[in-house]
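Chemist: Contents of model36.cif (mmCIF, C-alpha atoms) are given next:
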data_entry
loop_
_atom_site.label_atom_id
_atom_site.label_comp_id
_atom_site.auth_asym_id
_atom_site.auth_seq_id
_atom_site.Cartn_x
_atom_site.Cartn_y
_atom_site.Cartn_z
CA MET N 621 -38.55 -12.66 21.53
CA ASN N 622 -36.22 -12.97 24.48
CA PRO N 623 -35.31 -16.54 25.21
CA ILE N 624 -35.23 -17.24 28.93
CA PHE N 625 -32.69 -19.98 28.52
CA LYS N 626 -29.81 -18.75 26.47
CA HIS N 627 -28.24 -20.91 23.83
CA GLY N 628 -24.68 -21.00 22.74
CA PRO N 629 -21.46 -20.83 24.72
CA SER N 630 -21.37 -19.03 28.09
CA PRO N 631 -19.72 -15.60 28.38
CA GLN N 632 -16.70 -17.19 30.07
CA HIS N 633 -16.11 -19.53 27.15
CA ARG N 634 -16.60 -16.70 24.68
CA LEU N 635 -14.14 -14.51 26.60
CA ILE N 636 -11.51 -17.23 26.75
CA MET N 637 -11.98 -17.92 23.04
CA VAL N 638 -11.57 -14.29 21.98
CA LEU N 639 -8.64 -13.73 24.34
CA ILE N 640 -6.82 -16.69 22.82
CA LEU N 641 -7.61 -15.29 19.37
CA SER N 642 -6.30 -11.86 20.42
CA ALA N 643 -3.12 -13.36 21.80
CA THR N 644 -2.50 -15.19 18.50
CA PHE N 645 -3.22 -12.03 16.51
CA ILE N 646 -0.90 -9.93 18.68
CA PHE N 647 1.84 -12.55 18.45
CA PHE N 648 1.62 -12.95 14.68
CA ASP N 649 1.17 -9.24 14.00
CA HIS N 650 3.81 -7.88 16.34
CA LYS N 651 6.43 -10.58 16.66
CA MET N 652 6.20 -12.32 13.28
CA GLY N 653 4.93 -9.48 11.09
CA SER N 654 2.86 -11.99 9.17
CA PHE N 655 -0.12 -9.64 8.75
CA ASP N 656 1.68 -7.15 6.50
CA VAL N 657 -0.07 -8.32 3.34
CA VAL N 658 -3.42 -8.89 5.04
CA ARG N 659 -3.22 -5.42 6.57
CA GLY N 660 -3.16 -3.93 3.08
CA TYR N 661 -6.45 -5.67 2.27
CA LEU N 662 -7.96 -4.74 5.63
CA GLN N 663 -6.91 -1.14 5.01
CA SER N 664 -8.76 -1.19 1.69
CA LEU N 665 -11.75 -2.78 3.40
CA VAL N 666 -12.16 0.01 5.95
CA SER N 667 -11.31 2.92 3.64
CA PRO N 668 -15.01 3.66 2.93
CA ILE N 669 -15.47 4.34 6.65
CA GLN N 670 -12.44 6.60 6.60
CA TYR N 671 -13.77 8.53 3.62
CA LEU N 672 -17.16 8.87 5.31
CA ALA N 673 -15.59 10.00 8.58
CA SER N 674 -13.55 12.71 6.91
CA ALA N 675 -16.55 13.92 4.90
CA PRO N 676 -17.68 16.56 7.46
CA LYS N 677 -14.18 18.02 7.62
CA ASN N 678 -14.01 18.08 3.84
CA ALA N 679 -17.40 19.77 3.68
CA VAL N 680 -16.27 22.49 6.08
CA ASN N 681 -13.05 22.97 4.12
CA TRP N 682 -15.01 23.13 0.89
CA ALA N 683 -17.37 25.70 2.38
CA LEU N 684 -14.47 27.79 3.65
CA GLU N 685 -12.79 27.69 0.27
CA ASN N 686 -15.93 28.44 -1.69
CA LEU N 687 -17.32 31.12 0.58
CA GLY N 688 -14.09 33.10 0.77
CA SER N 689 -14.65 36.78 0.18
CA ARG N 690 -13.46 38.47 -3.00
CA GLU N 691 -11.06 40.65 -1.06
CA ASP N 692 -9.45 37.67 0.65
CA LEU N 693 -9.02 35.90 -2.65
CA ILE N 694 -7.41 38.93 -4.25
CA ASN N 695 -5.05 39.28 -1.29
CA GLN N 696 -4.16 35.62 -1.41
CA ASN N 697 -3.62 35.78 -5.13
CA GLN N 698 -1.25 38.70 -4.77
CA GLN N 699 0.65 36.88 -2.09
CA TYR N 700 1.00 33.80 -4.27
CA LYS N 701 2.19 35.91 -7.18
CA ALA N 702 4.84 37.53 -5.02
CA ASN N 703 5.89 34.12 -3.73
CA GLU N 704 6.05 32.72 -7.23
CA LEU N 705 8.31 35.54 -8.36
CA LEU N 706 10.65 34.92 -5.44
CA LEU N 707 10.69 31.17 -5.98
CA ASN N 708 11.26 31.53 -9.71
CA ALA N 709 14.24 33.73 -9.06
CA GLN N 710 15.63 31.08 -6.73
CA ILE N 711 14.97 28.31 -9.24
CA MET N 712 17.10 30.07 -11.84
CA GLN N 713 20.00 30.00 -9.44
CA LEU N 714 19.21 26.47 -8.31
CA ASP N 715 19.40 25.07 -11.80
CA ILE N 716 22.89 26.40 -12.35
CA LEU N 717 24.03 25.33 -8.91
CA LYS N 718 22.64 21.85 -9.42
CA LYS N 719 24.52 21.38 -12.67
CA GLU N 720 27.68 22.68 -11.08
CA ASN N 721 27.19 20.36 -8.09
CA ASP N 722 26.65 17.36 -10.35
CA ARG N 723 29.81 18.21 -12.29
CA LEU N 724 31.82 18.55 -9.09
CA ARG N 725 30.40 15.32 -7.70
CA SER N 726 31.28 13.50 -10.87
CA LEU N 727 34.83 14.84 -10.55
CA LEU N 728 34.92 13.32 -7.07
CA ALA N 729 33.52 10.07 -8.45
CA SER N 730 30.44 10.33 -6.21
CA PRO N 731 27.09 9.42 -7.67
CA ALA N 732 25.17 12.44 -8.87
CA ARG N 733 22.16 13.25 -6.78
CA THR N 734 18.90 12.60 -8.52
CA ASP N 735 15.71 14.48 -8.03
CA SER N 736 12.89 12.50 -6.62
CA GLU N 737 9.45 12.54 -8.14
CA THR N 738 6.68 13.72 -5.88
CA MET N 739 2.96 13.31 -5.58
CA LEU N 740 0.60 15.42 -3.53
CA ALA N 741 -1.50 13.56 -0.98
CA GLU N 742 -4.18 14.80 1.34
CA ILE N 743 -4.71 13.57 4.89
CA LEU N 744 -7.92 11.63 5.38
CA SER N 745 -7.72 10.94 9.06
CA VAL N 746 -5.40 11.32 11.99
CA ASP N 747 -5.46 8.47 14.45
CA SER N 748 -6.90 9.16 17.83
CA ASP N 749 -4.84 6.34 19.30
CA PRO N 750 -2.29 8.07 21.52
CA TYR N 751 0.17 5.19 21.37
CA SER N 752 0.87 5.32 17.69
CA HIS N 753 1.35 8.43 15.60
CA GLN N 754 -0.07 7.66 12.20
CA VAL N 755 -2.14 9.41 9.57
CA VAL N 756 -4.11 8.02 6.64
CA VAL N 757 -3.63 9.66 3.24
CA ASN N 758 -5.73 9.43 0.09
CA ARG N 759 -3.13 7.66 -2.08
CA GLY N 760 -2.71 3.93 -2.33
CA ALA N 761 -1.34 1.11 -4.42
CA ASN N 762 -3.31 2.45 -7.41
CA ASP N 763 -1.10 5.55 -7.36
CA GLY N 764 2.08 3.52 -7.04
CA VAL N 765 2.65 4.11 -3.34
CA PHE N 766 4.97 1.53 -1.78
CA GLU N 767 5.84 0.51 1.75
CA GLY N 768 8.68 2.44 3.33
CA GLN N 769 8.22 5.44 1.04
CA ALA N 770 9.40 8.76 2.47
CA VAL N 771 6.73 11.40 3.12
CA ILE N 772 7.44 15.12 3.54
CA ASP N 773 5.48 18.33 3.95
CA ASP N 774 6.61 21.80 2.89
CA GLN N 775 8.91 22.08 5.91
CA GLY N 776 10.58 18.72 6.30
CA ILE N 777 10.31 14.98 6.79
CA VAL N 778 6.98 13.76 8.13
CA GLY N 779 7.39 10.00 8.15
CA GLN N 780 7.21 6.92 6.01
CA VAL N 781 4.46 4.81 4.50
CA LEU N 782 3.58 1.90 6.77
CA HIS N 783 0.72 0.00 5.11
CA VAL N 784 -0.53 0.43 1.56
CA GLY N 785 -4.20 -0.10 0.71
CA THR N 786 -5.76 0.15 -2.73
CA ILE N 787 -6.85 3.79 -2.48
CA THR N 788 -5.54 4.83 0.92
CA SER N 789 -2.37 4.24 2.84
CA ARG N 790 -1.08 4.74 6.32
CA VAL N 791 1.87 6.97 7.18
CA LEU N 792 3.94 6.42 10.31
CA LEU N 793 5.05 9.81 11.67
CA ILE N 794 8.59 10.48 12.84
CA THR N 795 7.37 11.11 16.38
CA ASP N 796 6.04 7.55 16.78
CA VAL N 797 7.88 5.54 19.44
CA THR N 798 8.77 2.81 16.97
CA GLN N 799 10.33 5.17 14.44
CA ALA N 800 13.99 6.23 14.20
CA ILE N 801 15.66 8.24 11.43
CA PRO N 802 19.36 8.56 10.65
CA VAL N 803 20.15 12.28 10.64
CA ARG N 804 23.18 14.51 10.62
CA ILE N 805 23.77 18.01 11.91
CA SER N 806 23.75 20.25 8.86
CA ARG N 807 26.35 22.57 10.45
CA ASN N 808 29.12 20.01 10.85
CA GLY N 809 27.90 16.67 9.51
CA ILE N 810 27.91 14.73 12.79
CA ARG N 811 25.66 11.70 12.49
CA LEU N 812 22.88 11.01 14.98
CA VAL N 813 19.75 8.93 15.14
CA ALA N 814 16.46 10.71 15.84
CA ASN N 815 14.05 8.53 17.80
CA GLY N 816 10.37 9.28 18.06
CA SER N 817 9.28 9.92 21.64
CA GLY N 818 5.51 9.45 21.45
CA THR N 819 4.97 13.20 21.95
CA LEU N 820 4.25 15.32 18.91
CA ASP N 821 6.86 17.99 19.55
CA ARG N 822 9.86 15.96 20.62
CA LEU N 823 12.49 13.68 19.13
CA THR N 824 15.19 12.17 21.31
CA HIS N 825 18.78 11.27 20.47
CA ASN N 826 20.38 8.44 22.37
CA PHE N 827 24.04 7.60 22.75
CA VAL N 828 25.41 11.06 21.99
CA PRO N 829 28.90 11.40 23.58
CA HIS N 830 29.53 14.42 25.81
CA SER N 831 32.27 15.62 23.50
CA THR N 832 29.94 15.95 20.50
CA ASP N 833 29.78 19.42 19.02
CA ILE N 834 26.05 19.96 19.18
CA ARG N 835 24.24 23.14 20.18
CA GLU N 836 20.68 24.23 20.70
CA GLY N 837 19.23 25.49 17.44
CA ASP N 838 21.25 23.13 15.21
CA LEU N 839 19.32 21.94 12.18
CA LEU N 840 19.18 18.18 11.69
CA VAL N 841 18.81 16.86 8.15
CA THR N 842 18.39 13.30 6.90
CA SER N 843 21.74 11.65 6.27
CA GLY N 844 20.49 9.23 3.63
CA LEU N 845 22.10 6.34 5.50
CA GLY N 846 19.82 3.37 5.86
CA GLY N 847 18.41 3.98 2.41
CA LYS N 848 14.85 4.77 3.54
CA TYR N 849 14.92 8.55 3.43
CA PRO N 850 16.58 10.59 0.71
CA GLU N 851 19.46 12.75 1.86
CA GLY N 852 19.28 16.36 2.90
CA TYR N 853 15.69 16.94 4.00
CA PRO N 854 15.25 18.83 7.28
CA VAL N 855 14.04 16.68 10.19
CA GLY N 856 14.33 18.68 13.37
CA ARG N 857 15.93 21.49 15.29
CA VAL N 858 17.83 20.81 18.51
CA THR N 859 15.94 22.25 21.46
CA ARG N 860 17.77 20.91 24.48
CA VAL N 861 21.31 19.68 25.11
CA ARG N 862 22.08 18.58 28.64
CA GLN N 863 25.65 17.57 29.27
CA ASP N 864 25.44 16.08 32.73
CA GLU N 865 28.80 14.40 33.33
CA SER N 866 27.29 11.98 35.82
CA ARG N 867 25.39 10.32 33.00
CA PRO N 868 27.08 8.17 30.38
CA PHE N 869 25.75 10.17 27.44
CA ALA N 870 24.57 13.70 26.75
CA GLN N 871 20.81 14.12 26.67
CA VAL N 872 19.73 15.70 23.43
CA GLN N 873 16.21 16.53 22.33
CA SER N 874 14.94 18.15 19.19
CA GLU N 875 11.70 19.38 17.75
CA PRO N 876 10.45 18.26 14.34
CA VAL N 877 10.48 21.05 11.77
CA ALA N 878 7.51 19.59 9.92
CA GLN N 879 4.29 20.77 11.52
CA ILE N 880 3.29 17.31 12.67
CA ASP N 881 0.23 18.52 14.55
CA ARG N 882 -1.29 20.52 11.70
CA LEU N 883 -0.64 18.46 8.62
CA ARG N 884 -3.01 18.71 5.70
CA TYR N 885 -1.16 18.20 2.44
CA LEU N 886 1.81 15.88 2.16
CA LEU N 887 4.26 14.98 -0.59
CA LEU N 888 5.16 11.39 -1.33
CA LEU N 889 8.67 10.94 -2.71
CA TRP N 890 9.73 8.50 -5.38
CA PRO N 891 13.47 8.07 -5.70
CA LYS N 892 14.45 7.99 -9.38
CA GLN N 893 17.10 5.39 -8.79
CA LYS N 894 16.90 2.95 -5.99
CA ALA N 895 18.75 4.47 -3.07
CA SER N 896 21.69 2.30 -2.30
CA LEU N 897 23.06 1.86 1.16
CA PHE N 898 25.94 4.28 1.90
CA SER N 899 25.43 5.93 -1.47
CA SER N 900 26.80 9.22 -0.17
CA GLN N 901 30.05 7.67 1.02
CA PRO N 902 31.81 5.95 -1.85
CA SER N 903 33.87 3.10 -0.46
CA THR N 904 36.66 1.41 -2.37
CA SER N 905 34.58 -1.63 -3.13
CA SER N 906 31.67 0.23 -4.68
CA LYS N 907 33.70 2.93 -6.37
CA GLU N 908 33.72 1.21 -9.74
CA ASP N 909 29.94 0.85 -9.68
CA ASN N 910 29.51 4.49 -8.79
CA ILE N 911 31.74 5.69 -11.58
CA GLY N 912 29.81 3.47 -13.92
CA LYS N 913 26.57 5.10 -12.86
CA VAL N 914 27.91 8.62 -13.31
CA LYS N 915 29.07 7.91 -16.82
CA MET F 634 -28.14 -10.42 14.10
CA PHE F 635 -30.22 -8.94 11.30
CA ALA F 636 -33.67 -10.10 12.41
CA HIS F 637 -35.95 -7.60 14.22
CA ASN F 638 -34.27 -4.52 12.76
CA GLY F 639 -30.83 -5.75 13.83
CA ILE F 640 -29.39 -3.76 10.94
CA ILE F 641 -30.03 -0.63 13.04
CA ILE F 642 -27.60 -2.01 15.66
CA LEU F 643 -24.98 -2.32 12.93
CA LEU F 644 -25.70 1.24 11.79
CA THR F 645 -25.17 2.63 15.29
CA PHE F 646 -21.83 0.80 15.37
CA ILE F 647 -20.78 2.28 12.04
CA VAL F 648 -21.67 5.78 13.23
CA ALA F 649 -19.62 5.13 16.39
CA LEU F 650 -16.66 3.94 14.31
CA MET F 651 -16.85 7.08 12.21
CA ALA F 652 -17.00 9.28 15.29
CA THR F 653 -13.93 7.47 16.60
CA ILE F 654 -11.76 8.27 13.60
CA MET F 655 -13.24 11.62 12.64
CA PRO F 656 -10.51 14.27 12.42
CA LEU F 657 -10.71 16.75 15.31
CA PRO F 658 -8.61 19.72 16.34
CA ILE F 659 -5.61 18.61 18.38
CA ALA F 660 -6.83 20.35 21.56
CA VAL F 661 -10.09 18.39 21.61
CA ASP F 662 -8.63 15.18 20.27
CA ALA F 663 -7.27 13.97 23.63
CA PHE F 664 -10.81 14.21 25.04
CA ARG F 665 -12.47 12.08 22.36
CA PRO F 666 -14.92 9.76 24.17
CA ASP F 667 -14.87 6.00 23.59
CA TRP F 668 -17.81 5.91 21.21
CA ILE F 669 -17.48 2.23 20.37
CA LEU F 670 -17.23 1.19 24.01
CA VAL F 671 -20.34 3.22 24.90
CA VAL F 672 -22.38 1.73 22.06
CA VAL F 673 -21.22 -1.84 22.74
CA LEU F 674 -21.97 -1.43 26.45
CA TYR F 675 -25.46 -0.10 25.76
CA TRP F 676 -26.41 -2.92 23.40
CA CYS F 677 -24.87 -5.45 25.74
CA LEU F 678 -26.99 -4.12 28.62
CA ALA F 679 -30.16 -3.88 26.53
CA LEU F 680 -29.90 -6.98 24.35
CA PRO F 681 -27.30 -9.32 25.84
CA ASN F 682 -28.53 -12.13 23.62
CA ARG F 683 -27.61 -10.20 20.45
CA VAL F 684 -24.52 -8.22 21.40
CA ASN F 685 -21.98 -10.03 23.52
CA VAL F 686 -18.28 -10.43 24.14
CA VAL F 687 -17.67 -11.71 20.60
CA THR F 688 -19.35 -8.67 19.02
CA ALA F 689 -17.26 -6.41 21.25
CA TRP F 690 -14.13 -8.28 20.17
CA LEU F 691 -15.01 -7.94 16.48
CA PHE F 692 -15.51 -4.19 16.75
CA GLY F 693 -12.34 -3.89 18.80
CA LEU F 694 -10.54 -5.61 15.96
CA LEU F 695 -12.08 -3.17 13.45
CA LEU F 696 -10.85 -0.37 15.70
CA ASP F 697 -7.37 -1.92 15.60
CA ILE F 698 -7.45 -1.84 11.81
CA LEU F 699 -8.76 1.72 11.72
CA LEU F 700 -6.28 3.01 14.28
CA GLY F 701 -3.36 1.06 12.89
CA SER F 702 -2.44 -0.40 16.26
CA ILE F 703 -1.19 -3.95 16.68
CA LEU F 704 -4.06 -6.29 15.72
CA GLY F 705 -5.81 -7.68 18.77
CA ILE F 706 -4.93 -5.06 21.39
CA HIS F 707 -8.12 -3.01 21.35
CA ALA F 708 -10.05 -6.19 20.63
CA ALA F 709 -8.83 -7.92 23.79
CA ALA F 710 -9.31 -4.81 25.96
CA MET F 711 -12.82 -4.29 24.60
CA ALA F 712 -13.78 -7.93 25.13
CA LEU F 713 -12.52 -7.89 28.74
CA SER F 714 -14.38 -4.67 29.61
CA VAL F 715 -17.60 -5.88 28.02
CA TYR F 716 -17.31 -9.25 29.74
CA ILE F 717 -17.79 -7.50 33.09
CA ILE F 718 -21.05 -5.98 31.85
CA ALA F 719 -22.17 -9.21 30.20
CA GLY F 720 -21.87 -11.00 33.53
CA ASN F 721 -23.81 -8.39 35.54
CA TYR F 722 -26.25 -6.88 33.06
CA GLN F 723 -29.32 -7.71 35.15
CA LYS F 724 -27.92 -5.79 38.11
CA ILE F 725 -26.59 -2.80 36.16
CA ARG F 726 -29.84 -2.40 34.17
CA ASN F 727 -31.64 -1.44 37.38
CA PHE F 728 -29.22 1.32 38.32
CA SER F 729 -30.01 4.95 37.61
CA VAL F 730 -28.41 6.50 34.54
CA TRP F 731 -25.86 8.39 36.64
CA GLN F 732 -24.81 5.27 38.52
CA GLN F 733 -24.46 3.53 35.19
CA ALA F 734 -22.36 6.45 33.97
CA LEU F 735 -19.95 5.92 36.86
CA ILE F 736 -19.68 2.22 36.09
CA VAL F 737 -19.09 3.01 32.44
CA GLY F 738 -16.39 5.45 33.52
CA ILE F 739 -14.64 2.74 35.53
CA LEU F 740 -14.91 0.33 32.60
CA SER F 741 -13.56 2.98 30.25
CA ALA F 742 -10.60 3.56 32.57
CA LEU F 743 -10.03 -0.18 32.70
CA TYR F 744 -10.20 -0.32 28.90
CA HIS F 745 -7.61 2.42 28.50
CA LEU F 746 -5.34 0.91 31.12
CA LEU F 747 -5.62 -2.51 29.47
CA VAL F 748 -4.68 -1.00 26.11
CA PHE F 749 -1.78 0.79 27.78
CA TRP F 750 -0.60 -2.37 29.53
CA PHE F 751 -0.68 -4.36 26.30
CA GLN F 752 1.23 -1.60 24.51
CA ARG F 753 3.68 -1.32 27.39
CA PHE F 754 4.23 -5.06 27.21
CA LEU F 755 4.98 -4.92 23.46
CA THR F 756 6.67 -1.54 22.90
CA ASP F 757 8.26 0.86 25.38
CA VAL F 758 5.56 3.49 25.63
CA VAL F 759 5.43 5.65 28.76
CA PHE F 760 2.28 6.53 30.64
CA LEU F 761 1.00 10.07 30.19
CA PRO F 762 -2.00 11.30 32.20
CA HIS F 763 -3.81 12.42 29.05
CA TYR F 764 -4.29 8.78 28.06
CA LEU F 765 -7.08 8.78 30.63
CA TYR F 766 -8.79 12.04 29.60
CA PRO F 767 -11.35 10.16 27.45
CA VAL F 768 -12.75 8.61 30.64
CA ILE F 769 -14.16 12.01 31.68
CA THR F 770 -15.93 12.61 28.38
CA THR F 771 -17.15 9.02 28.27
CA VAL F 772 -18.87 9.48 31.64
CA ILE F 773 -20.50 12.68 30.37
CA LEU F 774 -21.48 11.00 27.10
CA TRP F 775 -23.11 7.93 28.65
CA PRO F 776 -26.48 9.44 29.80
CA TRP F 777 -27.06 11.11 26.41
CA ALA F 778 -25.97 8.04 24.44
CA PHE F 779 -28.14 5.87 26.71
CA LEU F 780 -31.27 7.99 26.16
CA LEU F 781 -30.66 8.27 22.40
CA LEU F 782 -29.97 4.57 21.91
CA ARG F 783 -32.98 3.63 24.04
CA LYS F 784 -35.14 5.84 21.88
CA ILE F 785 -33.71 4.19 18.78
CA ARG F 786 -34.27 0.73 20.25
CA ARG F 787 -37.88 1.47 21.15
CA HIS F 788 -38.69 3.28 17.94
CA PHE F 789 -37.40 0.49 15.71
CA LYS F 790 -38.63 -2.21 18.11
CA ILE F 791 -35.27 -3.93 18.16
CA LYS F 792 -35.46 -7.06 20.27
#
So that I can check it, write out the structure of this file as structure tokens.
Modeler:
Amino acid sequence: MNPIFKHGPSPQHRLIMVLILSATFIFFDHKMGSFDVVRGYLQSLVSPIQYLASAPKNAVNWALENLGSREDLINQNQQYKANELLLNAQIMQLDILKKENDRLRSLLASPARTDSETMLAEILSVDSDPYSHQVVVNRGANDGVFEGQAVIDDQGIVGQVLHVGTITSRVLLITDVTQAIPVRISRNGIRLVANGSGTLDRLTHNFVPHSTDIREGDLLVTSGLGGKYPEGYPVGRVTRVRQDESRPFAQVQSEPVAQIDRLRYLLLLWPKQKASLFSSQPSTSSKEDNIGKVK
Amino acid sequence: MFAHNGIIILLTFIVALMATIMPLPIAVDAFRPDWILVVVLYWCLALPNRVNVVTAWLFGLLLDILLGSILGIHAAAMALSVYIIAGNYQKIRNFSVWQQALIVGILSALYHLLVFWFQRFLTDVVFLPHYLYPVITTVILWPWAFLLLRKIRRHFKIK
């Protein structure tokens, strides 16, 4: 039954009410960050929708995996075997090198590097919002995921965990505008900061002096400064260096090495010991602590 | 909201939410139509006494949670776009489907620009033309969504 005379507040009043509500939400979420805990619950609340939405994709993947031809499977299997052989050979070397490196580091009174534990996670959904680059993965607080955790794929750093729900969590990618990672050039150790640019294939580096020794093709790895990301994982490759003397700084751009646009499986990293600030640069004040840790 | 098969309205919204976050290949992803906006606009035109600015705001907020954007941005943009329809639904109802599609296109552009302006105000994003690609697909989607939703409304006798 359609009432001719409507009851309740007029559209204007409703609009003003919800706009005021929005403004409060935006203020408290963006400026105060007071929704961080609530967001976790909200994330858990909507995860059924996310699971449902990714169901068709999962079904197609399942079909592709299960309907693969015998020949393909045999080929793949052979390839994996060959890869395994190669990797095993490298691991043998790696083990020795690692021990040697630890010994040398302990001689220098630097803290030994610890392996991080990893967990495989699968992407549930990629956000269609062009303003924020985030993905949702199928691991949450139940699996021990925590906020600020580093996330990698098989090539390099992908991002960090932003909100943790019970069974899902949200990963902020390195290309997001709000994200910046401390990196260094693996060739010569010069430190830079990689800022997300909002485009999937570009990171920008601000405040790089003209005299910096940086070339196109340089590999950028995490420097471990800031304590969020473990040291030494590849982040990007320099694609463009423009040294225009009329500008105060050189313009440097790089491309993420992780395949940000075709992610499927990710690895979540757990540092074995809590990463301490400046852990790779022993200063005089923290030297005693570091030696203590090594022993 | 749940009387007279109102649950069907909720179901259409859930399907729209799923379509909004469904993973798509990157080439098509920029052209994803505004499913939620289309569904809210249809129900607001058809049953303005059931679906109004507040409903639009609530689903905008859900969208904020699902997309991980700052809470309230999509909600405010959605409420503002739907408000225009809520004020003129008697006029727009009488237009042909294609005229409606054009109006929906303008509203969709407004919605995207509003979201961009809010984001611009809060973080330093830059405008890229592909932020407005969804407008094209939304215009194309409207007639089909309109016919389908009208069929649903008549079949389930939602009043």
Chemist: Pull out every residue of chain N sitting within 6 Å of chain F, counting all atoms listed in the file, and send them as a PDB file with C-alpha atoms, in the coordinates of the input.
Modeler:
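Resulting contents of iface25.pdb:
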ATOM      1  CA  LEU N 639      -8.640 -13.730  24.340  1.00  0.00           C
ATOM      2  CA  SER N 642      -6.300 -11.860  20.420  1.00  0.00           C
ATOM      3  CA  PHE N 645      -3.220 -12.030  16.510  1.00  0.00           C
ATOM      4  CA  ILE N 646      -0.900  -9.930  18.680  1.00  0.00           C
ATOM      5  CA  ALA N 673     -15.590  10.000   8.580  1.00  0.00           C
ATOM      6  CA  SER N 674     -13.550  12.710   6.910  1.00  0.00           C
ATOM      7  CA  SER N 745      -7.720  10.940   9.060  1.00  0.00           C
ATOM      8  CA  VAL N 746      -5.400  11.320  11.990  1.00  0.00           C
ATOM      9  CA  ASP N 747      -5.460   8.470  14.450  1.00  0.00           C
TER      10      ASP N 747
END
Chemist: Which residue gives the smallest distance to F:Ile773 among F:Ala742, F:Ile785, F:Ala734, F:Val684, with only C-alpha atoms counted?
Modeler: F:Ala734
Chemist: What is the atom CA of N:Gly768 to atom CA of N:Phe655 distance in Å?
Modeler: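 Atom-to-atom, atom CA of N:Gly768 to atom CA of N:Phe655, that is 15.9 Å.
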Chemist: Could you work out an axis-aligned box for stretch 700-711 of chain N, taking every atom the file lists and adding 4 Å on each side, and report centre and edge lengths in Å to one decimal, as lines of an AutoDock Vina configuration file?
Modeler:
center_x = 8.3
center_y = 32.9
center_z = -6.7
size_x = 22.6
size_y = 17.2
size_z = 14.0
Chemist: What would the selection look like, as a list in words, if the PyMOL selection byres ((chain N and resi 870-873) around 6) were run on the coordinates I just shared?
Modeler: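 Selection result, ordered by chain and number: Leu823, Thr824, His825, Val828, Pro829, His830, Val858, Thr859, Arg860, Val861, Arg862, Gln863, Phe869 and Ser874 of chain N.
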